[in-house]
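Visitor: For reference, the structure I am asking about is given below.
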Amino acid sequence: MPIESSVDRLRRRIVVRVVGEFTFADIRSAIDAALGHPDFEPGFDLFSDHTGVRRPISTEEAKQMASYLEGFADQLAGMRWAALAATPESYGKLRMVEMLLRNMPIEVQVFATRKEADAWLASPKG
């Protein structure tokens with residue numbers, strides 16, 4: 001499976017790892033699995049690791065994902081999403097996702113290191 005997700009109830013966080021090739025159907029399935037997980041609660045944060053992808057998310061996939069996430073605005077309200085990118089191309093595409101979600105009730109930031117992403121998620125919400 002190209003997108004693996006789990007829910008860390010203790011840290012109140014969804015953890016997603018994207019590897020290899022993926023499609024929008026994979027993205028949609030991962031969103032559904034995470035939000036439908038019995039341990040998930042509104043207000044959880046999200047950490048997504050994109051360091052294992054073969055190619056960054058496409059513009060069309062990013063638009064589809066943003067549109068799909070709009071249907072979960074109530075469940076996602078207050079979420080912070082830290083995305084970890086390994087390449088400049090992936091970083092740029094994830095920044096595009098950040099822009100596409102700017103009207104959603106979530107805060108998205110893209111990071112080049114796991115340490116920075118973890119520190120941001122561990123900091124108090126403002």
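Chains: A, B, ... in order of the structure tokens. Residues: from 1 per chain. Ligands: from 1, in order shown.
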Can you tell me, as a list of chain:residue names, what residues are no more than 9 Å from segment 64-70 of chain A when counting only C-alpha atoms, ignoring any on the same chain fewer than 4 positions away?
Guide: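 In the requested form, the answer reads A:Phe24, A:Ile27, A:Arg28, A:Ile31, A:Thr59, A:Glu60, A:Asp74, A:Leu76, A:Val97, A:Leu100, A:Leu101, A:Met104.
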Visitor: Please produce, as a tab-separated table, a per-residue contact table for segment 52-99 of chain A versus segment 117-125 of chain A (criterion: any atom at most 9 Å away, only C-alpha atoms considered), showing the nearest atom pair and its distance in Å to one decimal, sorted by chain then residue number.
Guide:
```
residue	atom	partner	partner_atom	distance
A:Gly78	CA	A:Lys125	CA	8.7
A:Arg80	CA	A:Leu121	CA	7.0
A:Trp81	CA	A:Leu121	CA	8.0
A:Ala82	CA	A:Ala117	CA	5.6
A:Ala83	CA	A:Ala117	CA	7.3
A:Leu84	CA	A:Ala117	CA	7.0
```
Visitor: Could you tell me how far atom CA of Glu89 of chain A lies from atom CA of Lys63 of chain A, in Å and to one decimal?
Guide: 16.7 Å
Visitor: From the options A:Thr87, A:Arg9, A:Ala73, A:Gly126, which residue's atoms come nearest to Asp39 of chain A, counting only C-alpha atoms?
Guide: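 Result for the nearest residue to Asp39 of chain A: A:Arg9.
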Visitor: For Ile57 of chain A, find every residue with an atom within 7 Å (counting only C-alpha atoms), except residues of its own chain fewer than 4 positions away, and show them as a list in words.
Guide: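 Neighbouring residues, sequence-local ones excluded: Glu61, Ala62 and Lys93 of chain A.
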Visitor: Print the selection's residues with all heavy atoms to a file, as a compact mmCIF listing (two decimals), in the first residue's frame.
Guide:
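The result, stored in selection-v8.txt:
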```txt
# COMPACT_ATOMS: atom_id res chain seq x y z
N GLU A 61 -3.92 16.03 -8.58
CA GLU A 61 -4.16 15.27 -7.35
C GLU A 61 -4.28 16.20 -6.15
O GLU A 61 -5.12 15.98 -5.27
CB GLU A 61 -3.02 14.27 -7.11
CG GLU A 61 -3.01 13.11 -8.06
CD GLU A 61 -1.71 12.34 -8.07
OE1 GLU A 61 -0.65 12.90 -7.68
OE2 GLU A 61 -1.75 11.17 -8.46
N ALA A 62 -3.46 17.25 -6.12
CA ALA A 62 -3.52 18.21 -5.02
C ALA A 62 -4.87 18.92 -5.01
O ALA A 62 -5.48 19.09 -3.94
CB ALA A 62 -2.39 19.22 -5.15
N LYS A 93 5.48 21.16 -4.35
CA LYS A 93 4.11 20.66 -4.54
C LYS A 93 3.34 20.66 -3.22
O LYS A 93 2.15 20.99 -3.19
CB LYS A 93 4.12 19.25 -5.14
CG LYS A 93 4.56 19.21 -6.57
CD LYS A 93 3.54 19.89 -7.48
CE LYS A 93 3.92 19.68 -8.93
NZ LYS A 93 2.85 20.04 -9.84
```
Visitor: Return as a PyMOL selection string the full set of residues in chain A whose backbone-based DSSP assignment is helix (DSSP H, G or I).
Guide: chain A and resi 24-36+59-70+73-76+88-100+114-122
Visitor: Mind listing the strand (DSSP E) residues of chain A, per DSSP on the backbone, as number ranges by chain?
Guide: A: 3-8, 13-20, 45-53, 80-84, 107-111
Visitor: Find the residues around Val53 of chain A up to 6 Å (only C-alpha atoms counted), leave out those fewer than 3 positions away in its own chain, and share them as an MDAnalysis selection string.
Guide: chainID A and resid 19:20 50
Visitor: Residues at most 8 Å from Ile14 of chain A, counting only C-alpha atoms, excluding those fewer than 5 positions away in the same chain, as a list in words?
Guide: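 Selected residues are Ser5, Ser6, Val7, Asp8, Ala34, Phe40, Phe44, Asp45, Leu46 and Phe47 of chain A.
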Visitor: In Å to one decimal, how far is atom CA of Ala30 of chain A from atom CA of Val16 of chain A?
Guide: 8.3 Å
Visitor: Under the rule that only C-alpha atoms are counted, which of A:Gly71, A:Glu4, A:Leu10, A:Ala77 is the nearest residue to Ala33 of chain A?
Guide: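 Between A:Gly71, A:Glu4, A:Leu10, A:Ala77, the residue approaching Ala33 of chain A most closely is A:Glu4.
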Visitor: Pick the closest to Arg54 of chain A from A:Leu35, A:Val18, A:Met99, A:Leu94: which is it, counting only C-alpha atoms?
Guide: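 Counting only C-alpha atoms, the residue closest to Arg54 of chain A is A:Val18.
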Visitor: Could you check how far atom CA of Val108 of chain A sits from atom CA of Ala25 of chain A, in Å to one decimal?
Guide: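 Between atom CA of Val108 of chain A and atom CA of Ala25 of chain A the gap works out to 21.7 Å.
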